[in-house]
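*Asks:* File data.cif below, mmCIF, C-alpha atoms; chains and numbers go by the auth columns:
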```
data_final
#
loop_
_atom_site.group_PDB
_atom_site.id
_atom_site.type_symbol
_atom_site.label_atom_id
_atom_site.label_comp_id
_atom_site.label_asym_id
_atom_site.label_seq_id
_atom_site.Cartn_x
_atom_site.Cartn_y
_atom_site.Cartn_z
_atom_site.B_iso_or_equiv
_atom_site.auth_seq_id
_atom_site.auth_asym_id
ATOM 1 C CA MET A 1 -10.433 16.977 43.293 0.00 1 W
ATOM 2 C CA PRO A 2 -13.523 16.078 41.247 0.00 2 W
ATOM 3 C CA ARG A 3 -14.053 12.407 40.452 0.00 3 W
ATOM 4 C CA MET A 4 -13.514 11.498 36.854 0.00 4 W
ATOM 5 C CA LYS A 5 -16.404 9.972 35.042 0.00 5 W
ATOM 6 C CA PRO A 6 -15.622 6.485 33.651 0.00 6 W
ATOM 7 C CA PRO A 7 -15.423 6.316 29.870 0.00 7 W
ATOM 8 C CA GLU A 8 -18.646 5.353 28.211 0.00 8 W
ATOM 9 C CA GLU A 9 -18.745 1.989 26.550 0.00 9 W
ATOM 10 C CA TRP A 10 -18.528 1.917 22.794 0.00 10 W
ATOM 11 C CA ASN A 11 -21.975 2.108 21.335 0.00 11 W
ATOM 12 C CA SER A 12 -22.182 1.255 17.662 0.00 12 W
ATOM 13 C CA GLU A 13 -25.560 3.000 17.453 0.00 13 W
ATOM 14 C CA ARG A 14 -23.842 6.312 18.244 0.00 14 W
ATOM 15 C CA ALA A 15 -20.874 5.706 15.948 0.00 15 W
ATOM 16 C CA PRO A 16 -20.583 8.029 12.956 0.00 16 W
ATOM 17 C CA LYS A 17 -22.459 6.610 10.003 0.00 17 W
ATOM 18 C CA TRP A 18 -20.624 6.023 6.736 0.00 18 W
ATOM 19 C CA LYS A 19 -21.379 8.599 4.093 0.00 19 W
ATOM 20 C CA PRO A 20 -20.094 8.688 0.568 0.00 20 W
ATOM 21 C CA PRO A 21 -17.726 11.600 -0.076 0.00 21 W
ATOM 22 C CA GLN A 22 -19.309 14.689 -1.546 0.00 22 W
ATOM 23 C CA THR A 23 -16.463 15.306 -3.977 0.00 23 W
ATOM 24 C CA ARG A 24 -13.272 13.652 -5.095 0.00 24 W
ATOM 25 C CA PHE A 25 -9.841 15.064 -4.295 0.00 25 W
ATOM 26 C CA GLU A 26 -9.179 18.400 -5.940 0.00 26 W
ATOM 27 C CA GLN A 27 -5.523 17.415 -6.188 0.00 27 W
ATOM 28 C CA GLY A 28 -4.343 13.867 -5.594 0.00 28 W
ATOM 29 C CA LEU A 29 -0.673 13.544 -4.693 0.00 29 W
ATOM 30 C CA VAL A 30 2.052 10.918 -5.068 0.00 30 W
ATOM 31 C CA GLN A 31 3.310 9.320 -1.858 0.00 31 W
ATOM 32 C CA VAL A 32 6.321 7.016 -1.486 0.00 32 W
ATOM 33 C CA TYR A 33 6.970 4.822 1.562 0.00 33 W
ATOM 34 C CA THR A 34 10.483 3.388 1.394 0.00 34 W
ATOM 35 C CA GLY A 35 13.451 2.485 3.592 0.00 35 W
ATOM 36 C CA GLU A 36 15.072 -0.520 5.256 0.00 36 W
ATOM 37 C CA SER A 37 12.787 -0.824 8.280 0.00 37 W
ATOM 38 C CA LYS A 38 9.354 -2.393 8.603 0.00 38 W
ATOM 39 C CA GLY A 39 6.144 -0.426 8.300 0.00 39 W
ATOM 40 C CA LYS A 40 5.847 0.545 4.635 0.00 40 W
ATOM 41 C CA THR A 41 2.982 -1.768 3.744 0.00 41 W
ATOM 42 C CA THR A 42 1.471 -1.203 7.189 0.00 42 W
ATOM 43 C CA ALA A 43 1.454 2.569 6.595 0.00 43 W
ATOM 44 C CA ALA A 44 -0.196 2.118 3.207 0.00 44 W
ATOM 45 C CA PHE A 45 -2.892 -0.149 4.650 0.00 45 W
ATOM 46 C CA GLY A 46 -3.412 2.335 7.480 0.00 46 W
ATOM 47 C CA LEU A 47 -4.056 5.022 4.884 0.00 47 W
ATOM 48 C CA ALA A 48 -6.518 2.687 3.154 0.00 48 W
ATOM 49 C CA LEU A 49 -8.318 2.152 6.471 0.00 49 W
ATOM 50 C CA ARG A 50 -8.606 5.897 7.058 0.00 50 W
ATOM 51 C CA ALA A 51 -9.821 6.470 3.498 0.00 51 W
ATOM 52 C CA THR A 52 -12.468 3.774 3.674 0.00 52 W
ATOM 53 C CA GLY A 53 -13.783 5.382 6.852 0.00 53 W
ATOM 54 C CA ARG A 54 -14.364 8.503 4.769 0.00 54 W
ATOM 55 C CA GLY A 55 -16.132 6.616 2.006 0.00 55 W
ATOM 56 C CA LEU A 56 -13.286 6.792 -0.488 0.00 56 W
ATOM 57 C CA LYS A 57 -12.684 3.944 -2.912 0.00 57 W
ATOM 58 C CA VAL A 58 -9.265 2.309 -2.650 0.00 58 W
ATOM 59 C CA LYS A 59 -7.432 -0.111 -4.941 0.00 59 W
ATOM 60 C CA ILE A 60 -4.417 -1.987 -3.552 0.00 60 W
ATOM 61 C CA VAL A 61 -2.187 -3.889 -5.965 0.00 61 W
ATOM 62 C CA GLN A 62 0.526 -5.996 -4.348 0.00 62 W
ATOM 63 C CA LEU A 63 3.572 -7.072 -6.344 0.00 63 W
ATOM 64 C CA LEU A 64 5.804 -9.970 -5.205 0.00 64 W
ATOM 65 C CA LYS A 65 3.182 -11.158 -2.708 0.00 65 W
ATOM 66 C CA GLY A 66 0.942 -14.166 -3.186 0.00 66 W
ATOM 67 C CA ASN A 67 0.027 -15.103 0.370 0.00 67 W
ATOM 68 C CA THR A 68 -3.632 -14.375 1.086 0.00 68 W
ATOM 69 C CA SER A 69 -3.278 -15.279 4.775 0.00 69 W
ATOM 70 C CA TYR A 70 -1.658 -11.962 5.760 0.00 70 W
ATOM 71 C CA GLY A 71 -3.784 -10.310 8.471 0.00 71 W
ATOM 72 C CA GLU A 72 -4.205 -7.101 6.501 0.00 72 W
ATOM 73 C CA ILE A 73 -5.544 -8.980 3.453 0.00 73 W
ATOM 74 C CA ILE A 74 -8.065 -10.840 5.612 0.00 74 W
ATOM 75 C CA ALA A 75 -9.191 -7.600 7.294 0.00 75 W
ATOM 76 C CA MET A 76 -9.553 -5.600 4.076 0.00 76 W
ATOM 77 C CA LYS A 77 -11.991 -8.171 2.662 0.00 77 W
ATOM 78 C CA SER A 78 -14.592 -6.820 5.098 0.00 78 W
ATOM 79 C CA PHE A 79 -14.466 -3.312 3.612 0.00 79 W
ATOM 80 C CA PRO A 80 -16.741 -2.925 0.583 0.00 80 W
ATOM 81 C CA ASN A 81 -14.902 0.053 -0.899 0.00 81 W
ATOM 82 C CA VAL A 82 -11.390 -1.496 -0.826 0.00 82 W
ATOM 83 C CA ASP A 83 -10.241 -3.889 -3.534 0.00 83 W
ATOM 84 C CA VAL A 84 -6.984 -5.818 -2.969 0.00 84 W
ATOM 85 C CA VAL A 85 -5.291 -7.971 -5.606 0.00 85 W
ATOM 86 C CA GLN A 86 -1.994 -9.825 -5.344 0.00 86 W
ATOM 87 C CA PHE A 87 0.447 -10.713 -8.105 0.00 87 W
ATOM 88 C CA GLY A 88 3.147 -13.022 -6.843 0.00 88 W
ATOM 89 C CA SER A 89 3.936 -16.479 -5.613 0.00 89 W
ATOM 90 C CA PRO A 90 3.900 -17.421 -1.907 0.00 90 W
ATOM 91 C CA GLU A 91 7.707 -17.747 -1.844 0.00 91 W
ATOM 92 C CA PHE A 92 10.201 -14.886 -2.084 0.00 92 W
ATOM 93 C CA VAL A 93 11.741 -13.902 -5.403 0.00 93 W
ATOM 94 C CA ASN A 94 15.418 -14.826 -5.704 0.00 94 W
ATOM 95 C CA PRO A 95 17.039 -11.395 -6.219 0.00 95 W
ATOM 96 C CA LEU A 96 19.950 -12.907 -8.183 0.00 96 W
ATOM 97 C CA HIS A 97 17.838 -15.155 -10.405 0.00 97 W
ATOM 98 C CA PRO A 98 14.227 -14.005 -10.800 0.00 98 W
ATOM 99 C CA ARG A 99 12.134 -16.527 -12.720 0.00 99 W
ATOM 100 C CA GLU A 100 10.329 -15.688 -15.923 0.00 100 W
ATOM 101 C CA GLU A 101 7.023 -16.172 -14.099 0.00 101 W
ATOM 102 C CA ASP A 102 8.131 -13.529 -11.549 0.00 102 W
ATOM 103 C CA ARG A 103 8.720 -11.102 -14.409 0.00 103 W
ATOM 104 C CA GLN A 104 5.345 -11.897 -15.950 0.00 104 W
ATOM 105 C CA MET A 105 3.476 -11.485 -12.658 0.00 105 W
ATOM 106 C CA ALA A 106 5.196 -8.119 -12.102 0.00 106 W
ATOM 107 C CA ARG A 107 4.222 -7.012 -15.607 0.00 107 W
ATOM 108 C CA ASP A 108 0.629 -8.181 -15.049 0.00 108 W
ATOM 109 C CA ALA A 109 0.539 -6.306 -11.722 0.00 109 W
ATOM 110 C CA TYR A 110 1.844 -3.146 -13.373 0.00 110 W
ATOM 111 C CA ASP A 111 -0.758 -3.348 -16.151 0.00 111 W
ATOM 112 C CA HIS A 112 -3.537 -3.992 -13.627 0.00 112 W
ATOM 113 C CA ALA A 113 -2.424 -1.071 -11.430 0.00 113 W
ATOM 114 C CA ARG A 114 -2.196 1.269 -14.410 0.00 114 W
ATOM 115 C CA GLN A 115 -5.686 0.302 -15.540 0.00 115 W
ATOM 116 C CA ALA A 116 -7.043 0.943 -12.020 0.00 116 W
ATOM 117 C CA LEU A 117 -5.232 4.281 -11.833 0.00 117 W
ATOM 118 C CA LEU A 118 -6.701 5.494 -15.132 0.00 118 W
ATOM 119 C CA SER A 119 -10.170 3.950 -14.703 0.00 119 W
ATOM 120 C CA GLY A 120 -11.731 6.765 -12.680 0.00 120 W
ATOM 121 C CA ASP A 121 -13.146 4.137 -10.309 0.00 121 W
ATOM 122 C CA PHE A 122 -10.758 4.755 -7.387 0.00 122 W
ATOM 123 C CA ASP A 123 -9.796 7.734 -5.237 0.00 123 W
ATOM 124 C CA ILE A 124 -6.586 6.096 -3.986 0.00 124 W
ATOM 125 C CA VAL A 125 -4.392 3.549 -5.748 0.00 125 W
ATOM 126 C CA ILE A 126 -1.720 1.823 -3.644 0.00 126 W
ATOM 127 C CA ILE A 127 0.956 -0.176 -5.454 0.00 127 W
ATOM 128 C CA ASP A 128 2.715 -2.207 -2.803 0.00 128 W
ATOM 129 C CA GLU A 129 6.353 -3.307 -3.324 0.00 129 W
ATOM 130 C CA ILE A 130 6.654 -1.618 -6.704 0.00 130 W
ATOM 131 C CA ASN A 131 10.007 -0.101 -5.715 0.00 131 W
ATOM 132 C CA VAL A 132 11.384 -3.570 -4.970 0.00 132 W
ATOM 133 C CA ALA A 133 10.101 -4.882 -8.292 0.00 133 W
ATOM 134 C CA ALA A 134 12.008 -2.098 -10.055 0.00 134 W
ATOM 135 C CA LYS A 135 15.155 -2.771 -8.006 0.00 135 W
ATOM 136 C CA LEU A 136 14.981 -6.447 -9.062 0.00 136 W
ATOM 137 C CA GLY A 137 14.560 -5.440 -12.707 0.00 137 W
ATOM 138 C CA LEU A 138 11.089 -6.980 -12.991 0.00 138 W
ATOM 139 C CA ILE A 139 9.737 -3.636 -14.170 0.00 139 W
ATOM 140 C CA SER A 140 11.640 -0.453 -15.002 0.00 140 W
ATOM 141 C CA VAL A 141 11.952 2.804 -13.105 0.00 141 W
ATOM 142 C CA ASP A 142 10.630 4.452 -16.268 0.00 142 W
ATOM 143 C CA ASP A 143 7.453 2.377 -15.827 0.00 143 W
ATOM 144 C CA ILE A 144 6.957 3.901 -12.374 0.00 144 W
ATOM 145 C CA LEU A 145 7.689 7.413 -13.649 0.00 145 W
ATOM 146 C CA ASN A 146 5.118 6.895 -16.416 0.00 146 W
ATOM 147 C CA LEU A 147 2.492 5.997 -13.800 0.00 147 W
ATOM 148 C CA ILE A 148 3.280 9.220 -11.964 0.00 148 W
ATOM 149 C CA LYS A 149 3.003 11.239 -15.192 0.00 149 W
ATOM 150 C CA GLU A 150 -0.259 9.565 -16.246 0.00 150 W
ATOM 151 C CA LYS A 151 -1.913 9.801 -12.821 0.00 151 W
ATOM 152 C CA PRO A 152 -5.245 11.612 -13.077 0.00 152 W
ATOM 153 C CA LYS A 153 -5.369 14.825 -11.081 0.00 153 W
ATOM 154 C CA GLN A 154 -8.001 13.629 -8.597 0.00 154 W
ATOM 155 C CA VAL A 155 -6.318 10.300 -7.718 0.00 155 W
ATOM 156 C CA GLU A 156 -3.869 9.763 -4.837 0.00 156 W
ATOM 157 C CA LEU A 157 -1.067 7.356 -5.792 0.00 157 W
ATOM 158 C CA VAL A 158 0.923 5.503 -3.113 0.00 158 W
ATOM 159 C CA LEU A 159 4.096 3.566 -3.998 0.00 159 W
ATOM 160 C CA THR A 160 5.768 1.335 -1.423 0.00 160 W
ATOM 161 C CA GLY A 161 8.902 -0.773 -1.095 0.00 161 W
ATOM 162 C CA ARG A 162 12.498 -0.368 -0.039 0.00 162 W
ATOM 163 C CA ASP A 163 15.154 1.021 -2.386 0.00 163 W
ATOM 164 C CA ALA A 164 12.991 3.618 -4.122 0.00 164 W
ATOM 165 C CA ASP A 165 14.936 5.026 -7.046 0.00 165 W
ATOM 166 C CA PRO A 166 16.107 8.663 -6.620 0.00 166 W
ATOM 167 C CA ARG A 167 14.081 9.659 -9.700 0.00 167 W
ATOM 168 C CA VAL A 168 10.896 8.283 -8.123 0.00 168 W
ATOM 169 C CA ILE A 169 11.695 10.127 -4.894 0.00 169 W
ATOM 170 C CA GLU A 170 12.226 13.331 -6.854 0.00 170 W
ATOM 171 C CA ALA A 171 8.910 12.944 -8.700 0.00 171 W
ATOM 172 C CA ALA A 172 6.857 12.263 -5.534 0.00 172 W
ATOM 173 C CA ASP A 173 5.074 14.848 -3.405 0.00 173 W
ATOM 174 C CA LEU A 174 5.561 13.045 -0.082 0.00 174 W
ATOM 175 C CA VAL A 175 8.355 10.587 0.756 0.00 175 W
ATOM 176 C CA THR A 176 8.620 8.708 4.034 0.00 176 W
ATOM 177 C CA GLN A 177 11.875 6.867 4.775 0.00 177 W
ATOM 178 C CA MET A 178 11.500 4.032 7.299 0.00 178 W
ATOM 179 C CA THR A 179 14.869 3.998 9.079 0.00 179 W
ATOM 180 C CA LEU A 180 16.003 0.833 10.824 0.00 180 W
ATOM 181 C CA ILE A 181 17.375 1.546 14.302 0.00 181 W
ATOM 182 C CA LYS A 182 16.574 -1.721 16.096 0.00 182 W
ATOM 183 C CA HIS A 183 14.743 -4.836 14.981 0.00 183 W
ATOM 184 C CA PRO A 184 13.669 -7.921 16.968 0.00 184 W
ATOM 185 C CA TYR A 185 15.204 -10.119 14.245 0.00 185 W
ATOM 186 C CA GLU A 186 18.577 -9.082 15.683 0.00 186 W
ATOM 187 C CA LYS A 187 17.593 -10.928 18.873 0.00 187 W
ATOM 188 C CA GLY A 188 16.463 -14.001 16.950 0.00 188 W
ATOM 189 C CA ILE A 189 12.759 -13.137 17.239 0.00 189 W
ATOM 190 C CA SER A 190 11.035 -14.273 14.072 0.00 190 W
ATOM 191 C CA ALA A 191 7.953 -12.781 12.404 0.00 191 W
ATOM 192 C CA ARG A 192 4.978 -12.744 14.771 0.00 192 W
ATOM 193 C CA PHE A 193 1.363 -13.592 14.012 0.00 193 W
ATOM 194 C CA GLY A 194 -0.731 -10.399 13.991 0.00 194 W
ATOM 195 C CA ILE A 195 2.332 -8.118 14.041 0.00 195 W
ATOM 196 C CA GLU A 196 4.403 -8.937 10.950 0.00 196 W
ATOM 197 C CA TYR A 197 1.788 -10.972 9.085 0.00 197 W
#
```
How does this structure look as structure tokens?
*Replies:*
Amino acid sequence: MPRMKPPEEWNSERAPKWKPPQTRFEQGLVQVYTGESKGKTTAAFGLALRATGRGLKVKIVQLLKGNTSYGEIIAMKSFPNVDVVQFGSPEFVNPLHPREEDRQMARDAYDHARQALLSGDFDIVIIDEINVAAKLGLISVDDILNLIKEKPKQVELVLTGRDADPRVIEAADLVTQMTLIKHPYEKGISARFGIEY
């Protein structure tokens, strides 16, 4: 049997060089990542990572999140063609009694995301936790449907968060449901540095 050659070490000089895309998307789609299990935001950030490797410009707007120490936020700061903004406080929103400031931050996030979507400056716009914001009544499902209707043809729109409304699911082109089968929380394992945050 022939001996296998050891893998060559990574050589950044031979790595593919970044090139700006030649054209924008002919047809941007609407993607929804929803469901009870983890991985929705992670999937959206993974898409952003892939897109930035291809020279695409990405805007990420996070609702209900105001913690800049998440690993993905720290990492994305090193990519020049990804812009991440957060609208939320560091603590969770009380689903039974959202504060007026929670409503205002959600409205500001929506307006910011809409402006980014329509600006022509971005190839992909990711609106993280927008489905949850609608479920909590901080914005309306009609607001989300209006974003989908107004989306320019060449822009990819990604909407994340559990409890996506059936009308949003119907309007989307791709829907991924994260199904919870097992979770380490059930064993008392709390969120882990570098895995959950």
*Asks:* Translate the PyMOL selection byres ((chain W and resi 33-50) around 10) into a concrete residue list for this structure, as a ChimeraX atom specification.
*Replies:* /W:31-32,51-60,62,72-73,75-76,79,81-82,124-129,131-132,158-165,169,174-183,195-197
*Asks:* Nearest to Asp111 in chain W: which of W:Ile189, W:Pro152, W:Ile139, W:Val168 is it, counting only C-alpha atoms?
*Replies:*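 Between W:Ile189, W:Pro152, W:Ile139, W:Val168, the residue approaching Asp111 in chain W most closely is W:Ile139.
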*Asks:* The PyMOL selection byres ((chain W and resi 90) around 10) - which residues does that actually catch in the file I just gave you? List them as an mmCIF file with C-alpha atoms, in the frame of the given file.
*Replies:*
```
data_model
loop_
_atom_site.group_PDB
_atom_site.id
_atom_site.type_symbol
_atom_site.label_atom_id
_atom_site.label_comp_id
_atom_site.auth_asym_id
_atom_site.auth_seq_id
_atom_site.Cartn_x
_atom_site.Cartn_y
_atom_site.Cartn_z
ATOM 1 C CA LEU W 64 5.804 -9.970 -5.205
ATOM 2 C CA LYS W 65 3.182 -11.158 -2.708
ATOM 3 C CA GLY W 66 0.942 -14.166 -3.186
ATOM 4 C CA ASN W 67 0.027 -15.103 0.370
ATOM 5 C CA THR W 68 -3.632 -14.375 1.086
ATOM 6 C CA PHE W 87 0.447 -10.713 -8.105
ATOM 7 C CA GLY W 88 3.147 -13.022 -6.843
ATOM 8 C CA SER W 89 3.936 -16.479 -5.613
ATOM 9 C CA GLU W 91 7.707 -17.747 -1.844
ATOM 10 C CA PHE W 92 10.201 -14.886 -2.084
ATOM 11 C CA VAL W 93 11.741 -13.902 -5.403
#
```
*Asks:* Name the residues that the PyMOL selection byres ((chain W and resi 144-148) around 8) pulls out of this structure, and write them as a PyMOL selection string.
*Replies:* chain W and resi 30+114+130+140-143+149-151+157+167-168+171-172
*Asks:* Need to verify the contact set: Gly120 in chain W, 9 Å, only C-alpha atoms, exclusion of same-chain residues closer than 3 positions in sequence. Can you return it as a ChimeraX atom specification?
*Replies:* /W:116-117,123,152,154-155
*Asks:* Next, write the just-selected residues to a file, as a tab-separated table (two decimals), in the coordinates of the input, keeping C-alpha atoms as the atom set.
*Replies:*
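Heads up, here's the output in selection_19.tsv:
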```tsv
chain	number	residue	atom	x	y	z
W	116	ALA	CA	-7.04	0.94	-12.02
W	117	LEU	CA	-5.23	4.28	-11.83
W	123	ASP	CA	-9.80	7.73	-5.24
W	152	PRO	CA	-5.24	11.61	-13.08
W	154	GLN	CA	-8.00	13.63	-8.60
W	155	VAL	CA	-6.32	10.30	-7.72
```
*Asks:* For CA of Gly28 in chain W and CA of Ala106 in chain W, determine how far apart the two atoms are, in Å to one decimal place.
*Replies:*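 Calculated distance between CA of Gly28 in chain W and CA of Ala106 in chain W is 24.8 Å.
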*Asks:* What gap, in Å, lies between CA of Asp173 in chain W and CA of Leu29 in chain W?
*Replies:* 6.0 Å
*Asks:* Quick one: distance from CA of Glu186 in chain W to CA of Gly71 in chain W in Å, one decimal?
*Replies:* 23.5 Å
*Asks:* Which residue is closest to Arg24 in chain W? Choose from W:Lys187, W:Gln104, W:His97, W:Asp121 and count only C-alpha atoms.
*Replies:* W:Asp121
*Asks:* For Pro95 in chain W, which of W:Phe193, W:Gln27, W:Pro166, W:Ala133 is the closest residue, counting all atoms listed in the file?
*Replies:*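 Using all atoms listed in the file, the shortest distance to Pro95 in chain W belongs to W:Ala133.
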*Asks:* Please export range 27-45 of chain W as a PDB file, in the first residue's frame, restricted to C-alpha atoms.
*Replies:*
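Result went into decode.pdb, see below:
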```pdb
ATOM      1  CA  GLN W  27     -32.327  37.020  -7.561  1.00  0.00           C
ATOM      2  CA  GLY W  28     -31.961  37.425  -3.815  1.00  0.00           C
ATOM      3  CA  LEU W  29     -34.202  35.170  -1.747  1.00  0.00           C
ATOM      4  CA  VAL W  30     -35.834  35.277   1.687  1.00  0.00           C
ATOM      5  CA  GLN W  31     -34.543  32.786   4.248  1.00  0.00           C
ATOM      6  CA  VAL W  32     -36.053  32.040   7.665  1.00  0.00           C
ATOM      7  CA  TYR W  33     -34.225  30.192  10.453  1.00  0.00           C
ATOM      8  CA  THR W  34     -36.664  29.302  13.225  1.00  0.00           C
ATOM      9  CA  GLY W  35     -37.463  26.563  15.738  1.00  0.00           C
ATOM     10  CA  GLU W  36     -36.968  25.699  19.404  1.00  0.00           C
ATOM     11  CA  SER W  37     -33.381  24.448  19.236  1.00  0.00           C
ATOM     12  CA  LYS W  38     -30.120  26.375  19.165  1.00  0.00           C
ATOM     13  CA  GLY W  39     -28.328  27.290  15.969  1.00  0.00           C
ATOM     14  CA  LYS W  40     -30.458  29.959  14.294  1.00  0.00           C
ATOM     15  CA  THR W  41     -28.137  32.891  14.897  1.00  0.00           C
ATOM     16  CA  THR W  42     -25.139  30.607  14.386  1.00  0.00           C
ATOM     17  CA  ALA W  43     -26.465  29.585  10.955  1.00  0.00           C
ATOM     18  CA  ALA W  44     -27.012  33.213   9.986  1.00  0.00           C
ATOM     19  CA  PHE W  45     -23.494  34.192  11.064  1.00  0.00           C
TER      20      PHE W  45
END
```
